[in-house]
$ cat entry_18.cif   # mmCIF, C-alpha atoms
data_work
#
loop_
_atom_site.label_atom_id
_atom_site.label_comp_id
_atom_site.auth_asym_id
_atom_site.auth_seq_id
_atom_site.Cartn_x
_atom_site.Cartn_y
_atom_site.Cartn_z
CA MET V 617 15.74 43.34 16.88
CA ARG V 618 14.01 41.42 19.58
CA PHE V 619 14.26 37.64 19.84
CA LYS V 620 10.73 37.04 18.44
CA GLN V 621 11.48 39.17 15.38
CA ILE V 622 14.77 37.36 14.72
CA PHE V 623 13.06 33.98 15.16
CA ALA V 624 10.25 34.92 12.74
CA VAL V 625 12.73 36.18 10.12
CA THR V 626 14.75 32.96 10.46
CA LEU V 627 11.65 30.78 10.04
CA PHE V 628 10.53 32.77 7.00
CA GLY V 629 14.00 32.45 5.46
CA LEU V 630 14.04 28.68 5.96
CA ALA V 631 10.57 28.32 4.45
CA ALA V 632 11.71 30.25 1.38
CA LEU V 633 14.69 27.98 0.65
CA PRO V 634 14.56 26.46 -2.82
CA ALA V 635 14.23 22.69 -3.27
CA SER V 636 17.92 22.51 -4.15
CA ALA V 637 18.86 23.62 -0.61
CA GLN V 638 17.31 20.53 0.94
CA ASN V 639 18.66 16.99 1.10
CA ILE V 640 17.88 15.10 -2.09
CA LEU V 641 19.04 11.48 -1.92
CA SER V 642 18.94 8.39 -4.11
CA ASN V 643 17.37 6.43 -1.22
CA PRO V 644 14.65 8.27 0.75
CA GLY V 645 14.66 5.51 3.37
CA LEU V 646 18.02 6.85 4.55
CA CYS V 647 17.05 10.51 4.96
CA ALA V 648 17.18 10.22 8.76
CA ALA V 649 20.40 8.18 8.77
CA ASP V 650 23.73 9.67 9.72
CA ASP V 651 26.40 10.37 7.10
CA GLY V 652 28.31 7.17 7.87
CA GLU V 653 25.25 4.96 7.38
CA GLN V 654 24.37 6.75 4.16
CA GLU V 655 27.93 6.27 2.88
CA LEU V 656 27.90 2.54 3.71
CA ALA V 657 24.58 2.17 1.90
CA GLY V 658 26.00 3.84 -1.24
CA VAL V 659 23.68 6.85 -1.22
CA ALA V 660 24.13 9.41 -4.00
CA TYR V 661 23.43 13.09 -3.26
CA LEU V 662 21.85 15.58 -5.64
CA HIS V 663 22.89 19.24 -5.33
CA SER V 664 21.90 22.30 -7.38
CA SER V 665 24.73 21.82 -9.90
CA SER V 666 26.05 18.32 -9.23
CA VAL V 667 25.26 14.75 -8.30
CA GLU V 668 27.76 12.89 -6.15
CA ALA V 669 28.42 9.45 -4.72
CA HIS V 670 31.60 7.98 -3.28
CA TRP V 671 32.33 6.20 -6.58
CA ARG V 672 31.43 8.91 -9.10
CA GLY V 673 30.26 12.50 -9.47
CA CYS V 674 28.93 14.74 -12.23
CA ALA V 675 28.86 18.55 -12.23
CA TRP V 676 27.33 21.17 -14.54
CA ASP V 677 27.53 24.96 -14.74
CA THR V 678 23.92 26.09 -14.32
CA PRO V 679 22.40 25.58 -10.83
CA LEU V 680 18.94 24.02 -10.93
CA ASP V 681 15.98 24.40 -8.58
CA TYR V 682 14.31 20.98 -8.53
CA ALA V 683 10.71 22.19 -8.53
CA PRO V 684 8.00 19.82 -9.78
CA GLY V 685 7.62 20.15 -13.55
CA LEU V 686 11.30 20.90 -14.24
CA LEU V 687 12.63 19.53 -17.53
CA ALA V 688 16.25 20.45 -18.20
CA GLU V 689 19.16 19.26 -20.30
CA VAL V 690 22.68 20.04 -19.11
CA ASN V 691 26.21 19.25 -20.20
CA ALA V 692 28.03 17.65 -17.29
CA ARG V 693 31.59 16.62 -16.56
CA CYS V 694 31.61 13.26 -14.79
CA ASP V 695 34.56 11.74 -12.99
CA GLY V 696 35.09 8.72 -10.80
CA GLN V 697 36.63 5.31 -10.42
CA ASP V 698 35.99 4.49 -14.08
CA GLY V 699 37.55 7.69 -15.45
CA ALA V 700 36.31 11.08 -16.63
CA ASP V 701 33.97 11.94 -19.47
CA ASP V 702 31.53 14.57 -20.70
CA VAL V 703 27.87 13.56 -20.52
CA ARG V 704 24.64 15.26 -21.62
CA LEU V 705 22.00 14.80 -18.92
CA ARG V 706 18.22 15.08 -19.02
CA ILE V 707 16.80 16.04 -15.62
CA VAL V 708 13.05 15.75 -14.97
CA VAL V 709 11.09 16.40 -11.77
CA ASN V 710 7.64 14.81 -11.51
CA GLY V 711 4.64 16.17 -9.59
CA GLN V 712 5.66 14.36 -6.39
CA GLY V 713 9.16 15.85 -6.49
CA ARG V 714 11.02 12.71 -7.63
CA VAL V 715 14.00 13.71 -9.76
CA THR V 716 15.03 11.51 -12.69
CA ILE V 717 18.49 11.92 -14.19
CA GLU V 718 19.36 10.08 -17.38
CA GLY V 719 22.41 10.19 -19.55
CA MET V 720 21.27 11.07 -23.06
CA ASP V 721 24.29 9.38 -24.64
CA GLY V 722 24.80 6.51 -22.21
CA SER V 723 24.76 5.72 -18.54
CA THR V 724 25.92 8.22 -15.94
CA GLY V 725 27.16 5.44 -13.67
CA LEU V 726 24.96 6.92 -10.94
CA PRO V 727 21.40 6.14 -9.75
CA ASP V 728 18.56 7.31 -11.99
CA TYR V 729 16.16 8.53 -9.26
CA TYR V 730 16.52 11.05 -6.41
CA PHE V 731 14.03 12.00 -3.71
CA PRO V 732 13.76 15.22 -1.65
CA CYS V 733 13.77 14.16 2.00
CA SER V 734 11.18 16.82 2.85
CA ARG V 735 8.61 14.96 0.69
CA TRP V 736 9.79 11.36 0.63
CA GLY V 737 11.87 10.83 3.77
CA PHE V 738 10.91 8.83 6.85
CA ARG V 739 8.82 10.95 9.19
CA GLY V 740 9.02 8.72 12.32
#

$ encode --input "entry_18.cif" --output "structure tokens"
Amino acid sequence: MRFKQIFAVTLFGLAALPASAQNILSNPGLCAADDGEQELAGVAYLHSSSVEAHWRGCAWDTPLDYAPGLLAEVNARCDGQDGADDVRLRIVVNGQGRVTIEGMDGSTGLPDYYFPCSRWGFRG
């Protein structure tokens, strides 16, 4: 393949990545910050099958694609400074891409809202 063909295939592949492959943070104001600054600010990170912060994390079996309109309920295993427990989570994505995670039987000990940097992050 020539360089232009490889470049075009790479761009197409990046454009086709699901929402879960992008950075989804609890604070969109820190999307452009480095990892150290995010850690100091207590940012939580949402991944396709987990949500993690330095003090606590929850994981579930079924990977999710956080497309607007998603409404899912998952059984998660949470662990952190305050111990481990099983939690049922409701995960909702609104039309603007904001992800809400709530513990259906109590608090998760993590932030309730997450924002995809591609839609909400600083675009300086």

$ closest_residue --input "entry_18.cif" --among "V:Ser734, V:Pro679, V:Cys674, V:Leu646" --to "V:Leu705" --atoms "all atoms listed in the file"
V:Cys674

$ closest_atom_pairs --input "entry_18.cif" --of "stretch 628-685 of chain V" --to "stretch 716-726 of chain V" --cutoff "9 Å" --atoms "only C-alpha atoms" --output "tab-separated table"
residue	atom	partner	partner_atom	distance
V:Ala660	CA	V:Leu726	CA	7.4
V:Val667	CA	V:Leu726	CA	8.3
V:Glu668	CA	V:Leu726	CA	8.2
V:Ala669	CA	V:Leu726	CA	7.6
V:Trp671	CA	V:Leu726	CA	8.6
V:Arg672	CA	V:Leu726	CA	7.0
V:Gly673	CA	V:Leu726	CA	7.8
V:Cys674	CA	V:Thr724	CA	8.1

$ write_last_selection --input "entry_18.cif" --atoms "C-alpha atoms" --output "JSON list (two decimals), in the frame of the given file"
[["chain", "number", "residue", "atom", "x", "y", "z"],
["V", 660, "ALA", "CA", 24.13, 9.41, -4.00],
["V", 667, "VAL", "CA", 25.26, 14.75, -8.30],
["V", 668, "GLU", "CA", 27.76, 12.89, -6.15],
["V", 669, "ALA", "CA", 28.42, 9.45, -4.72],
["V", 671, "TRP", "CA", 32.33, 6.20, -6.58],
["V", 672, "ARG", "CA", 31.43, 8.91, -9.10],
["V", 673, "GLY", "CA", 30.26, 12.50, -9.47],
["V", 674, "CYS", "CA", 28.93, 14.74, -12.23]]

$ atom_distance --input "entry_18.cif" --atom1 "atom CA of V:Gly711" --atom2 "atom CA of V:Leu686"
9.4 Å

$ atom_distance --input "entry_18.cif" --atom1 "atom CA of V:Cys694" --atom2 "atom CA of V:Ala675"
6.5 Å

$ closest_residue --input "entry_18.cif" --among "V:Ile707, V:Val690, V:Ala700, V:Leu662" --to "V:Asp677" --atoms "only C-alpha atoms"
V:Val690

$ closest_residue --input "entry_18.cif" --among "V:Ala683, V:Ala688, V:Ala657, V:Ala648" --to "V:Asn710" --atoms "all atoms listed in the file"
V:Ala683

$ resolve_selection --input "entry_18.cif" --expression "the PyMOL selection byres ((chain V and resi 714) around 9)" --output "list in words"
Tyr682, Pro684, Val708, Val709, Asn710, Gly711, Gln712, Gly713, Val715, Thr716, Tyr729, Tyr730, Phe731, Pro732, Arg735 and Trp736 of chain V

$ atom_distance --input "entry_18.cif" --atom1 "atom CA of V:Gly699" --atom2 "atom CA of V:Glu653"
26.1 Å

$ closest_residue --input "entry_18.cif" --among "V:Glu655, V:Asp728, V:Asp650, V:Asp681" --to "V:Arg706" --atoms "only C-alpha atoms"
V:Asp728

$ residues_around --input "entry_18.cif" --residues "V:Cys733" --least-positions-apart "2" --cutoff "8 Å" --atoms "all atoms listed in the file" --output "PyMOL selection string"
chain V and resi 638-641+644+647+731+735-738
